[in-house]
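J.: Here it is, the structure, as structure tokens.
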Amino acid sequence: MHVVVIGAGIVGASIADQLAARGARVTVFDRAGPGAGASGMSFGWINAAASESDTYFRFRLAAVARFRALCDTLDLSDAVTWNGCIWWEDEGDAFDVHLDAMARWGYDVSLIGPDEFTRLEPNVANPPERAIWCPSEGAAEPDKVARALLRRAAANGARLILGREVTGLLRTGDQVTGVQTDLGPMSADLVVVAAGIRSGALTGLPMNNRPGLILRTAPVAPVISRIVMSSDIHFRQASDGRLYLGEIFSGGIATETLDFASDLIDELMDRLRRRLPDVADLHLEQAALGTRPVPADGFPAIGPVPGHDGLYLATMHSGVTLGPLVGELVARDVLEQDSDPLLAPYRPNRLF
Ligand SMILES: Cc1cc2nc3c(=O)[nH]c(=O)nc-3n(C[C@H](O)[C@H](O)[C@H](O)COP(=O)(O)OP(=O)(O)OC[C@H]3O[C@@H](n4cnc5c(N)ncnc54)[C@H](O)[C@@H]3O)c2cc1C
């Protein structure tokens, strides 16, 4: 079976890896490269906490476990850490609602006060009266993870065509028979669209993509180990010493361009300096306005596109958390007709 995968972000790379490992003939197209889309501008928090429903929580929890298992089979030591997260993004009643949900789900969390907070993160100032400590969560550099997955896929025979765009789909009636690219046409038994924010243009999937601001500082000496999700900023330190930060996780930003975001960028750097007062030189190295790929109802869209045989979608927010699990589930779904019940709520036909 020849599968064309459109998109080499963390989701497309993971699908390509799992398809190639199962013996499929795989060709991956990306108009730029693994970090060109959301996977290059992501905060990279691997978690099940940001779940809006019990069903979605179970999906994300399985995804976190699958990501950990991936780290046992692929050397991701420069790209993934598992040091946990301290969360107090919401306060008051909203905090209690969140904590109650996590307790009901049986998520591995505990309530901590300022002393325990300072033991965990001695360099972070103004510890909150209460926070939720989530020791099982991790952080990833998604573009590095995607590159590692693509290397393994290539070692298993996948062909990577980077810097080339899929401009359309080849069809015979309702059957998608391949892709049209700026290199020419290529036939395929199945086309998997993992094109992030551009998935809607290729398939007609209704989307509600949202901008998100990510700042990166120049490297500093190790100062924090955990992901810190505070009420006014979230930040973490990567293994190269750079701090990644953004406004509160659930917040989209109103602006479409960085020019208009300059006040917010200054404000976020000030908030970071207030949280880390002993770090003398915190310099902004990069500010990026990424776009979150979000299917119209906010949940993943994974499965056949209705009315188009041979066309399959894999588009989602939280693709960093979900990518490794989705790769495995999609490969089983399309090659072995083994449809995992975890996928049932996220089939694209609900949106067309
Ligand atoms: C600011 C921000 C913060 C985020 N924080 C988190 C987080 O903390 N945790 C989390 O789990 N998720 C987070 N996300 C979401 C996550 O980053 C995305 O869900 C994930 O990266 C999507 O991966 P992907 O492979 O589906 O898409 P992408 O990484 O966008 O990859 C799609 C690829 O398709 C290629 N492409 C598109 N169209 C074509 C075409 N026609 N032909 C060829 N190639 C094409 C693009 O070049 C691109 O490389 C965040 C996103 C943003 C923007």
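Identifiers in this document derive from the order of the structure tokens: chains are assigned A, B, ..., residues are numbered from 1 separately in each chain, and ligands are numbered from 1 in order of occurrence.
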Mind dumping a table of every chain A residue within 7 Å of ligand 1, with the nearest atom pair and its distance in Å to one decimal, using only C-alpha atoms and all ligand atoms, sorted by chain and rising number, as a Markdown table?
T.:
```
| residue | atom | partner | partner_atom_place_in_ligand_line | distance |
| --- | --- | --- | --- | --- |
| A:Ile6 | CA | ligand 1 | 44 (N) | 5.4 |
| A:Gly7 | CA | ligand 1 | 34 (O) | 3.3 |
| A:Ala8 | CA | ligand 1 | 33 (C) | 5.1 |
| A:Gly9 | CA | ligand 1 | 25 (O) | 3.2 |
| A:Ile10 | CA | ligand 1 | 25 (O) | 4.1 |
| A:Val11 | CA | ligand 1 | 25 (O) | 3.7 |
| A:Gly12 | CA | ligand 1 | 25 (O) | 5.1 |
| A:Phe29 | CA | ligand 1 | 43 (C) | 5.1 |
| A:Asp30 | CA | ligand 1 | 44 (N) | 3.4 |
| A:Arg31 | CA | ligand 1 | 44 (N) | 3.9 |
| A:Ala32 | CA | ligand 1 | 47 (O) | 4.8 |
| A:Gly33 | CA | ligand 1 | 49 (O) | 5.2 |
| A:Pro34 | CA | ligand 1 | 49 (O) | 4.9 |
| A:Gly35 | CA | ligand 1 | 49 (O) | 5.9 |
| A:Ala36 | CA | ligand 1 | 49 (O) | 4.5 |
| A:Gly37 | CA | ligand 1 | 30 (O) | 3.4 |
| A:Ala38 | CA | ligand 1 | 30 (O) | 3.8 |
| A:Ser39 | CA | ligand 1 | 21 (O) | 3.4 |
| A:Gly40 | CA | ligand 1 | 29 (O) | 6.4 |
| A:Met41 | CA | ligand 1 | 53 (C) | 5.4 |
| A:Ser42 | CA | ligand 1 | 3 (C) | 3.8 |
| A:Phe43 | CA | ligand 1 | 5 (N) | 3.9 |
| A:Gly44 | CA | ligand 1 | 8 (O) | 4.0 |
| A:Trp45 | CA | ligand 1 | 8 (O) | 3.6 |
| A:Ile46 | CA | ligand 1 | 11 (O) | 5.5 |
| A:Pro142 | CA | ligand 1 | 21 (O) | 6.7 |
| A:Arg164 | CA | ligand 1 | 43 (C) | 6.1 |
| A:Glu165 | CA | ligand 1 | 42 (N) | 3.6 |
| A:Val166 | CA | ligand 1 | 42 (N) | 3.8 |
| A:Thr167 | CA | ligand 1 | 41 (N) | 5.6 |
| A:Ala194 | CA | ligand 1 | 26 (O) | 5.2 |
| A:Ala195 | CA | ligand 1 | 34 (O) | 3.6 |
| A:Gly196 | CA | ligand 1 | 27 (O) | 3.6 |
| A:Ile197 | CA | ligand 1 | 30 (O) | 6.0 |
| A:Arg198 | CA | ligand 1 | 38 (N) | 4.9 |
| A:Ser199 | CA | ligand 1 | 38 (N) | 6.7 |
| A:Pro211 | CA | ligand 1 | 53 (C) | 6.3 |
| A:Gly212 | CA | ligand 1 | 1 (C) | 3.8 |
| A:Leu213 | CA | ligand 1 | 1 (C) | 5.0 |
| A:Ile214 | CA | ligand 1 | 1 (C) | 5.3 |
| A:Leu289 | CA | ligand 1 | 1 (C) | 6.8 |
| A:Gly290 | CA | ligand 1 | 53 (C) | 4.0 |
| A:Thr291 | CA | ligand 1 | 53 (C) | 4.2 |
| A:Arg292 | CA | ligand 1 | 53 (C) | 4.1 |
| A:Pro293 | CA | ligand 1 | 19 (O) | 5.8 |
| A:Ala314 | CA | ligand 1 | 26 (O) | 6.9 |
| A:Thr315 | CA | ligand 1 | 26 (O) | 5.3 |
| A:Met316 | CA | ligand 1 | 19 (O) | 5.2 |
| A:His317 | CA | ligand 1 | 19 (O) | 3.5 |
| A:Ser318 | CA | ligand 1 | 11 (O) | 3.1 |
| A:Gly319 | CA | ligand 1 | 19 (O) | 3.3 |
| A:Val320 | CA | ligand 1 | 11 (O) | 3.7 |
| A:Thr321 | CA | ligand 1 | 11 (O) | 3.9 |
| A:Leu322 | CA | ligand 1 | 11 (O) | 6.4 |
```
J.: Give me the residues near Gly327 in chain A as a ChimeraX atom specification, where near means some atom within 7 Å (using only C-alpha atoms) and where sequence neighbours in that chain fewer than 5 positions away do not count.
T.: /A:11,14-15,18
J.: Report, in Å with one decimal, the straight-line distance from CA of Arg271 in chain A to CA of Trp88 in chain A.
T.: 15.1 Å
J.: Find the spatial neighbours of range 96-104 of chain A, counting only C-alpha atoms, within a cut-off of 12 Å - ignore same-chain residues fewer than 2 positions away - and output them as a ChimeraX atom specification.
T.: /A:47-54,57-58,61,87-94,106-112,130-134
J.: Could you write out the selected residues, including C-alpha atoms, as a CSV table (one decimal), in the first residue's frame?
T.:
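File written: again31.csv
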```
chain,number,residue,atom,x,y,z
A,47,ASN,CA,-0.3,16.7,29.4
A,48,ALA,CA,-3.7,15.3,30.0
A,49,ALA,CA,-4.8,18.1,32.3
A,50,ALA,CA,-6.1,20.4,29.5
A,51,SER,CA,-9.1,18.2,28.9
A,52,GLU,CA,-12.7,19.5,28.5
A,53,SER,CA,-14.4,16.1,28.9
A,54,ASP,CA,-13.9,12.7,30.5
A,57,PHE,CA,-9.1,13.1,29.2
A,58,ARG,CA,-8.8,9.4,28.6
A,61,LEU,CA,-3.9,10.2,29.2
A,87,TRP,CA,-0.3,24.7,37.6
A,88,TRP,CA,-2.3,27.6,39.0
A,89,GLU,CA,-3.5,29.1,35.8
A,90,ASP,CA,-7.0,29.5,37.3
A,91,GLU,CA,-7.7,30.8,40.7
A,92,GLY,CA,-10.7,30.7,43.1
A,93,ASP,CA,-13.7,28.6,42.0
A,94,ALA,CA,-12.2,27.7,38.6
A,106,GLY,CA,-7.7,9.8,38.9
A,107,TYR,CA,-5.0,11.9,37.4
A,108,ASP,CA,-1.7,11.9,39.2
A,109,VAL,CA,-1.8,15.3,41.0
A,110,SER,CA,-1.4,16.8,44.4
A,111,LEU,CA,-2.3,20.1,46.0
A,112,ILE,CA,0.8,22.0,47.2
A,130,ARG,CA,-2.0,26.8,46.4
A,131,ALA,CA,-1.0,25.1,43.2
A,132,ILE,CA,-1.5,21.7,41.5
A,133,TRP,CA,1.6,19.6,41.1
A,134,CYS,CA,1.4,17.2,38.2
```
J.: Would you compute the distance between CA of Pro295 in chain A and CA of Pro206 in chain A? Give it in Å to one decimal.
T.: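 CA of Pro206 in chain A lies at a distance of 6.2 Å from CA of Pro295 in chain A.
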J.: Give me every alpha helix (DSSP H) residue in range 45-185 of chain A, going by DSSP on the backbone, as a PyMOL selection string.
T.: chain A and resi 54-73+92-105+114-120+142-155
J.: So the first atom is CA of Glu141 in chain A and the second is CA of Val223 in chain A; what is the distance between them in Å, to one decimal place?
T.: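 That distance, rounded to one decimal, is 18.4 Å.
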J.: Which is closer to Arg236 in chain A than all the others in A:Pro277, A:Pro304, A:Gly310, A:Gly138, using only C-alpha atoms?
T.: A:Gly138
J.: Quick one: residues within 12 Å of Ala139 in chain A, only C-alpha atoms, excluding same-chain residues fewer than 2 positions away - as a ChimeraX atom specification?
T.: /A:42-47,64,67-68,76-85,135-137,141-142,144-145,225-228,235-239,244,320-321
J.: Can you tell me, as a CSV table (one decimal) with N, CA and C atoms, in the first residue's frame, what residues are no more than 10 Å from Ala155 in chain A when counting only C-alpha atoms, ignoring any on the same chain fewer than 3 positions away?
T.:
```csv
chain,number,residue,atom,x,y,z
A,17,ASP,N,6.1,7.4,10.6
A,17,ASP,CA,7.0,6.5,11.3
A,17,ASP,C,6.2,5.1,11.5
A,20,ALA,N,5.5,3.2,8.2
A,20,ALA,CA,6.7,2.6,7.6
A,20,ALA,C,7.1,1.4,8.5
A,21,ALA,N,7.0,1.5,9.8
A,21,ALA,CA,7.3,0.4,10.7
A,21,ALA,C,6.5,-0.8,10.4
A,149,LEU,N,11.5,11.2,14.4
A,149,LEU,CA,10.5,10.2,13.8
A,149,LEU,C,10.7,10.1,12.3
A,150,LEU,N,11.0,11.2,11.6
A,150,LEU,CA,11.2,11.1,10.2
A,150,LEU,C,12.5,10.3,9.8
A,151,ARG,N,13.5,10.5,10.7
A,151,ARG,CA,14.8,9.7,10.4
A,151,ARG,C,14.5,8.2,10.6
A,152,ARG,N,13.7,7.8,11.6
A,152,ARG,CA,13.3,6.4,11.7
A,152,ARG,C,12.5,5.9,10.6
A,158,ALA,N,10.7,5.0,4.2
A,158,ALA,CA,9.9,6.1,3.8
A,158,ALA,C,10.7,7.1,3.0
A,159,ARG,N,10.0,7.8,2.0
A,159,ARG,CA,10.6,8.8,1.2
A,159,ARG,C,10.2,10.1,1.7
```
J.: Which residue is closest to Leu245 in chain A? Choose from A:Thr55, A:Thr177, A:Gln286, A:Thr27 and count only C-alpha atoms.
T.: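 Checking each of A:Thr55, A:Thr177, A:Gln286, A:Thr27 against Leu245 in chain A, counting only C-alpha atoms, the winner is A:Gln286.
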